[in-house]
>>> print(open('input12.txt').read())   # compact mmCIF, C-alpha atoms
# COMPACT_ATOMS: atom_id res chain seq x y z
CA MET A 1 72.57 118.14 85.65
CA ASP A 2 73.32 116.03 82.55
CA VAL A 3 72.21 112.46 81.83
CA HIS A 4 74.39 110.76 79.20
CA ALA A 5 73.49 107.88 76.90
CA PRO A 6 75.19 104.55 77.68
CA HIS A 7 78.60 104.01 76.11
CA GLU A 8 77.83 100.38 75.34
CA PRO A 9 74.76 99.20 73.39
CA ILE A 10 71.92 97.66 75.43
CA HIS A 11 71.25 94.08 74.35
CA THR A 12 69.05 92.67 77.09
CA VAL A 13 66.34 93.71 79.47
CA GLY A 14 68.85 93.24 82.28
CA ASP A 15 71.22 95.71 80.64
CA PHE A 16 68.37 98.20 80.34
CA PHE A 17 67.39 97.98 84.01
CA LEU A 18 71.02 98.10 85.08
CA HIS A 19 71.53 101.27 83.09
CA LEU A 20 68.27 102.70 84.47
CA ALA A 21 69.33 101.90 88.03
CA THR A 22 72.71 103.51 87.42
CA ILE A 23 71.07 106.68 86.15
CA THR A 24 68.62 106.74 89.07
CA VAL A 25 71.34 106.31 91.67
CA GLY A 26 73.42 109.00 89.98
CA LEU A 27 70.50 111.41 89.94
CA LEU A 28 69.71 110.75 93.59
CA ILE A 29 73.33 111.32 94.58
CA ALA A 30 73.46 114.55 92.57
CA LEU A 31 70.21 115.81 94.12
CA ALA A 32 71.43 114.92 97.60
CA LEU A 33 74.69 116.75 97.05
CA GLU A 34 72.85 119.78 95.67
CA GLY A 35 70.54 119.77 98.69
CA LEU A 36 73.51 119.46 101.05
CA VAL A 37 75.22 122.43 99.41
CA GLY A 38 72.02 124.43 99.85
CA VAL A 39 71.78 123.49 103.52
CA VAL A 40 75.41 124.45 104.15
CA HIS A 41 74.93 127.75 102.30
CA ARG A 42 71.81 128.65 104.29
CA ARG A 43 73.46 127.72 107.56
CA HIS A 44 76.48 129.87 106.73
CA LEU A 45 74.19 132.74 105.68
CA LEU A 46 72.28 132.52 108.97
CA HIS A 47 75.38 132.34 111.15
CA GLN A 48 76.99 135.27 109.33
CA ALA A 49 73.83 137.34 109.68
CA GLU A 50 73.57 136.58 113.41
CA ALA A 51 77.22 137.50 113.95
CA ASN A 52 76.84 140.78 112.06
CA LEU A 53 73.64 141.65 113.93
CA HIS A 54 75.27 140.93 117.28
CA VAL A 55 78.19 143.25 116.48
CA GLU A 56 75.93 146.00 115.08
CA LEU A 57 73.57 145.96 118.05
CA ASN A 58 76.46 146.24 120.50
CA LEU A 59 77.83 149.21 118.57
CA ASN A 60 74.39 150.82 118.40
CA ARG A 61 73.89 150.33 122.12
CA ALA A 62 77.17 152.11 122.84
CA THR A 63 76.25 154.88 120.39
CA THR A 64 72.87 155.41 122.05
CA ALA A 65 74.49 155.62 125.49
CA LYS A 66 76.78 158.43 124.29
CA ASP A 67 73.86 160.20 122.60
CA GLU A 68 71.88 160.10 125.85
CA GLN A 69 74.74 161.69 127.76
CA GLN A 70 74.90 164.51 125.23
CA LEU A 71 71.13 164.97 125.35
CA ASN A 72 71.39 165.62 129.08
CA ARG A 73 74.01 168.29 128.47
CA THR A 74 72.05 169.83 125.59
CA ALA A 75 68.89 169.96 127.72
CA ALA A 76 70.77 172.00 130.32
CA GLU A 77 72.09 174.31 127.59
CA ILE A 78 68.60 174.88 126.18
CA ALA A 79 67.28 175.66 129.66
CA THR A 80 70.09 178.20 130.05
CA ASN A 81 69.20 179.69 126.66
CA ILE A 82 65.60 180.17 127.80
CA GLN A 83 66.78 181.86 131.00
CA ILE A 84 69.05 184.24 129.07
CA LEU A 85 66.37 185.12 126.53
CA THR A 86 63.75 185.62 129.24
CA ALA A 87 66.11 187.94 131.15
CA LEU A 88 66.69 190.00 128.01
CA LYS A 89 62.96 190.19 127.40
CA ASN A 90 62.49 191.51 130.94
CA HIS A 91 65.31 194.05 130.42
CA GLN A 92 67.55 192.25 132.89
CA THR A 93 71.25 191.46 132.57
CA PRO A 94 71.59 187.78 131.68
CA THR A 95 74.31 185.46 132.91
CA GLY A 96 75.90 182.86 130.66
CA THR A 97 76.03 182.55 126.90
CA LEU A 98 73.65 181.20 124.32
CA ASP A 99 74.58 177.77 122.98
CA PHE A 100 72.79 176.09 120.10
CA ASN A 101 75.30 173.32 119.50
CA TRP A 102 74.19 169.73 119.21
CA PHE A 103 75.72 166.26 118.95
CA TRP A 104 74.07 163.12 117.63
CA ASN A 105 75.25 159.86 116.12
CA SER A 106 72.48 157.81 114.53
CA THR A 107 72.31 154.07 115.04
CA GLN A 108 73.08 151.88 112.04
CA SER A 109 71.05 149.16 110.31
CA ALA A 110 73.40 147.77 107.64
CA ALA A 111 73.48 144.28 109.18
CA TRP A 112 69.68 144.19 109.49
CA ASP A 113 69.16 145.43 105.94
CA THR A 114 71.62 142.87 104.58
CA ALA A 115 70.06 140.01 106.55
CA ARG A 116 66.62 140.96 105.28
CA ASP A 117 67.74 141.38 101.66
CA THR A 118 69.63 138.07 101.57
CA GLY A 119 66.75 136.15 103.14
CA ALA A 120 68.64 135.33 106.35
CA ILE A 121 65.80 136.73 108.48
CA ALA A 122 63.45 134.11 107.03
CA LEU A 123 65.82 131.35 108.25
CA MET A 124 65.59 132.50 111.87
CA PRO A 125 63.04 131.26 114.41
CA TYR A 126 60.01 133.55 114.46
CA GLU A 127 60.71 134.82 117.99
CA THR A 128 64.29 135.74 117.07
CA ALA A 129 63.29 137.56 113.89
CA GLN A 130 60.54 139.39 115.79
CA GLY A 131 63.03 140.43 118.47
CA TYR A 132 65.39 141.96 115.93
CA SER A 133 62.47 143.66 114.18
CA ILE A 134 61.41 145.33 117.44
CA VAL A 135 64.94 146.56 118.14
CA TYR A 136 65.47 148.05 114.69
CA GLY A 137 61.96 149.47 114.62
CA GLN A 138 62.63 151.36 117.85
CA GLN A 139 66.00 152.53 116.52
CA SER A 140 64.19 153.98 113.52
CA PHE A 141 61.79 155.90 115.80
CA VAL A 142 64.75 157.31 117.74
CA ASN A 143 66.59 158.39 114.60
CA GLN A 144 63.47 160.09 113.23
CA GLN A 145 62.86 161.97 116.48
CA ALA A 146 66.53 163.01 116.56
CA LEU A 147 66.01 164.79 113.24
CA VAL A 148 63.07 166.69 114.74
CA TYR A 149 65.14 167.74 117.75
CA ILE A 150 68.08 168.86 115.59
CA HIS A 151 65.73 170.89 113.38
CA ASP A 152 64.28 172.52 116.51
CA LEU A 153 67.72 173.61 117.67
CA HIS A 154 68.52 175.21 114.34
CA HIS A 155 65.09 176.86 114.28
CA SER A 156 65.69 178.26 117.77
CA ALA A 157 68.73 180.18 116.50
CA ASP A 158 67.11 181.51 113.31
CA ALA A 159 66.49 184.97 114.75
CA MET A 160 70.17 185.45 115.53
CA GLN A 161 71.43 185.42 111.92
CA ALA A 162 74.87 186.60 113.09
CA ARG A 163 73.26 189.43 115.07
CA LYS A 164 74.19 190.47 118.58
CA LEU A 165 71.89 189.87 121.52
CA ALA A 166 71.47 193.62 121.98
CA ASP A 167 70.04 193.87 118.47
CA LEU A 168 67.25 191.37 119.09
CA GLN A 169 63.75 192.81 119.16
CA PRO A 170 61.03 191.66 121.62
CA ALA A 171 59.36 189.67 118.83
CA ASP A 172 62.68 187.94 118.11
CA LEU A 173 63.10 187.05 121.77
CA ASP A 174 59.56 185.69 122.00
CA LYS A 175 60.13 183.55 118.93
CA MET A 176 63.47 182.21 120.20
CA ILE A 177 61.97 181.40 123.61
CA ALA A 178 59.02 179.58 122.07
CA ASN A 179 61.26 177.64 119.69
CA SER A 180 63.66 176.74 122.48
CA GLN A 181 60.80 175.48 124.62
CA GLU A 182 59.60 173.37 121.70
CA ALA A 183 63.13 172.03 121.24
CA LEU A 184 63.25 171.08 124.92
CA VAL A 185 59.91 169.25 124.67
CA ASP A 186 61.06 167.29 121.62
CA LEU A 187 64.41 166.58 123.27
CA ASN A 188 62.68 165.14 126.32
CA TYR A 189 60.55 162.93 124.10
CA LEU A 190 63.74 161.78 122.36
CA ARG A 191 65.25 160.91 125.73
CA GLU A 192 62.17 158.83 126.56
CA LEU A 193 62.54 156.96 123.28
CA CYS A 194 66.22 156.34 124.05
CA THR A 195 65.32 155.03 127.51
CA SER A 196 62.82 152.65 125.90
CA LEU A 197 65.49 151.59 123.41
CA ASP A 198 67.87 150.86 126.29
CA ARG A 199 65.32 148.47 127.78
CA ILE A 200 64.81 146.81 124.41
CA TYR A 201 68.59 146.40 123.98
CA LYS A 202 68.80 144.76 127.38
CA SER A 203 65.90 142.44 126.60
CA ALA A 204 67.42 141.59 123.22
CA ALA A 205 70.80 140.81 124.79
CA GLU A 206 69.12 138.35 127.14
CA GLY A 207 66.83 136.72 124.59
CA LEU A 208 68.67 136.73 121.27
>>> encode(input="input12.txt", output="structure tokens")
Amino acid sequence: MDVHAPHEPIHTVGDFFLHLATITVGLLIALALEGLVGVVHRRHLLHQAEANLHVELNLNRATTAKDEQQLNRTAAEIATNIQILTALKNHQTPTGTLDFNWFWNSTQSAAWDTARDTGAIALMPYETAQGYSIVYGQQSFVNQQALVYIHDLHHSADAMQARKLADLQPADLDKMIANSQEALVDLNYLRELCTSLDRIYKSAAEGL
């Protein structure tokens, strides 16, 4: 913001005060315009953040629903694995095939991260910001537990190492059964977290 010297010389006190008034009015107008630009920018930033968060949460909710469906199928597969391995341990003929496949799509947080980094979260009412924080916090818990469950599944199949079932020793079977049971426990905990996240999504949709 520049303040320029008068183009004409000041000869009287009246000229001085007129020039001073002109400068003051100009400064006030410039400050008002600058403040207005700031208000418009913050409002645009807030609206953009809210729109992005709304889209991201809807996508994450759909992703979580699909993940839950797959968890139900994987839980049944793990239970079948335990039955097969237990039958082999007891020298019985198992039915079915071992399956250590998994499917998981993590929820995203790009809109939340961007809103936080740009300061848009600070422009929201406290209750709104707290609501989003709860949602994304729970999503983080779910994603972390999903990594534990996926690791468990891989660990359950370690003893196979491209070997045939007939080649597995009793110690191998015991280890695979124990690891599969652990995977099932962690999967069930993951399902509970997803169920909690569903409730939080519903609450967020009603309150945000």
>>> residues_around(input="input12.txt", residues="Glu192 in chain A", least_positions_apart="4", cutoff="12 Å", atoms="all atoms listed in the file", output="mmCIF file with C-alpha atoms, in the frame of the given file")
data_model
loop_
_atom_site.group_PDB
_atom_site.id
_atom_site.type_symbol
_atom_site.label_atom_id
_atom_site.label_comp_id
_atom_site.auth_asym_id
_atom_site.auth_seq_id
_atom_site.Cartn_x
_atom_site.Cartn_y
_atom_site.Cartn_z
ATOM 1 C CA GLU A 68 71.880 160.100 125.850
ATOM 2 C CA LEU A 71 71.130 164.970 125.350
ATOM 3 C CA ASN A 72 71.390 165.620 129.080
ATOM 4 C CA GLN A 138 62.630 151.360 117.850
ATOM 5 C CA PHE A 141 61.790 155.900 115.800
ATOM 6 C CA VAL A 142 64.750 157.310 117.740
ATOM 7 C CA GLN A 145 62.860 161.970 116.480
ATOM 8 C CA ALA A 146 66.530 163.010 116.560
ATOM 9 C CA VAL A 185 59.910 169.250 124.670
ATOM 10 C CA ASP A 186 61.060 167.290 121.620
ATOM 11 C CA LEU A 187 64.410 166.580 123.270
ATOM 12 C CA ASN A 188 62.680 165.140 126.320
ATOM 13 C CA SER A 196 62.820 152.650 125.900
ATOM 14 C CA LEU A 197 65.490 151.590 123.410
ATOM 15 C CA ASP A 198 67.870 150.860 126.290
ATOM 16 C CA ARG A 199 65.320 148.470 127.780
#
>>> atom_distance(input="input12.txt", atom1="CA of Asn58 in chain A", atom2="CA of Ala115 in chain A")
16.6 Å
>>> closest_residue(input="input12.txt", among="A:Met124, A:Ile84, A:Leu190, A:Leu165", to="Ile177 in chain A", atoms="all atoms listed in the file")
A:Ile84
>>> residues_around(input="input12.txt", residues="His151 in chain A", least_positions_apart="3", cutoff="12 Å", atoms="all atoms listed in the file", output="PDB file with C-alpha atoms, in the coordinates of the input")
ATOM      1  CA  PHE A 100      72.790 176.090 120.100  1.00  0.00           C
ATOM      2  CA  ASN A 101      75.300 173.320 119.500  1.00  0.00           C
ATOM      3  CA  TRP A 102      74.190 169.730 119.210  1.00  0.00           C
ATOM      4  CA  GLN A 144      63.470 160.090 113.230  1.00  0.00           C
ATOM      5  CA  GLN A 145      62.860 161.970 116.480  1.00  0.00           C
ATOM      6  CA  ALA A 146      66.530 163.010 116.560  1.00  0.00           C
ATOM      7  CA  LEU A 147      66.010 164.790 113.240  1.00  0.00           C
ATOM      8  CA  VAL A 148      63.070 166.690 114.740  1.00  0.00           C
ATOM      9  CA  HIS A 154      68.520 175.210 114.340  1.00  0.00           C
ATOM     10  CA  HIS A 155      65.090 176.860 114.280  1.00  0.00           C
ATOM     11  CA  SER A 156      65.690 178.260 117.770  1.00  0.00           C
ATOM     12  CA  ALA A 157      68.730 180.180 116.500  1.00  0.00           C
ATOM     13  CA  ASP A 158      67.110 181.510 113.310  1.00  0.00           C
ATOM     14  CA  ASN A 179      61.260 177.640 119.690  1.00  0.00           C
ATOM     15  CA  SER A 180      63.660 176.740 122.480  1.00  0.00           C
ATOM     16  CA  GLU A 182      59.600 173.370 121.700  1.00  0.00           C
ATOM     17  CA  ALA A 183      63.130 172.030 121.240  1.00  0.00           C
ATOM     18  CA  LEU A 184      63.250 171.080 124.920  1.00  0.00           C
ATOM     19  CA  ASP A 186      61.060 167.290 121.620  1.00  0.00           C
ATOM     20  CA  LEU A 187      64.410 166.580 123.270  1.00  0.00           C
TER      21      LEU A 187
END
>>> residues_around(input="input12.txt", residues="Gly131 in chain A", least_positions_apart="2", cutoff="9 Å", atoms="all atoms listed in the file", output="list in words")
Tyr126, Glu127, Thr128, Ala129, Ser133, Ile134, Val135, Tyr136, Ile200, Ser203, Ala204, Gly207 and Leu208 of chain A
>>> atom_distance(input="input12.txt", atom1="CA of Pro125 in chain A", atom2="CA of Lys202 in chain A")
19.6 Å
>>> closest_residue(input="input12.txt", among="A:Ala62, A:Ile78, A:Leu45, A:Val55", to="Cys194 in chain A", atoms="only C-alpha atoms")
A:Ala62
>>> residues_around(input="input12.txt", residues="range 107-111 of chain A", least_positions_apart="2", cutoff="9 Å", atoms="all atoms listed in the file", output="JSON, numbers by chain")
{"A": [49, 50, 52, 53, 54, 55, 56, 57, 59, 60, 61, 63, 64, 105, 113, 114, 115, 116, 136, 139, 140, 142, 143]}
>>> atom_distance(input="input12.txt", atom1="CA of Ala166 in chain A", atom2="CA of Leu153 in chain A")
20.8 Å
>>> closest_residue(input="input12.txt", among="A:Ala51, A:Ile82, A:Ala120, A:Ala75", to="Thr95 in chain A", atoms="all atoms listed in the file")
A:Ile82
>>> closest_residue(input="input12.txt", among="A:Ile29, A:Leu46, A:Ala65, A:Leu85", to="Pro170 in chain A", atoms="only C-alpha atoms")
A:Leu85
>>> closest_residue(input="input12.txt", among="A:Leu27, A:Leu193, A:Ala159, A:Leu98", to="Asp174 in chain A", atoms="all atoms listed in the file")
A:Ala159
>>> closest_residue(input="input12.txt", among="A:Tyr149, A:Gln69, A:His44, A:Ser106", to="Gln181 in chain A", atoms="only C-alpha atoms")
A:Tyr149
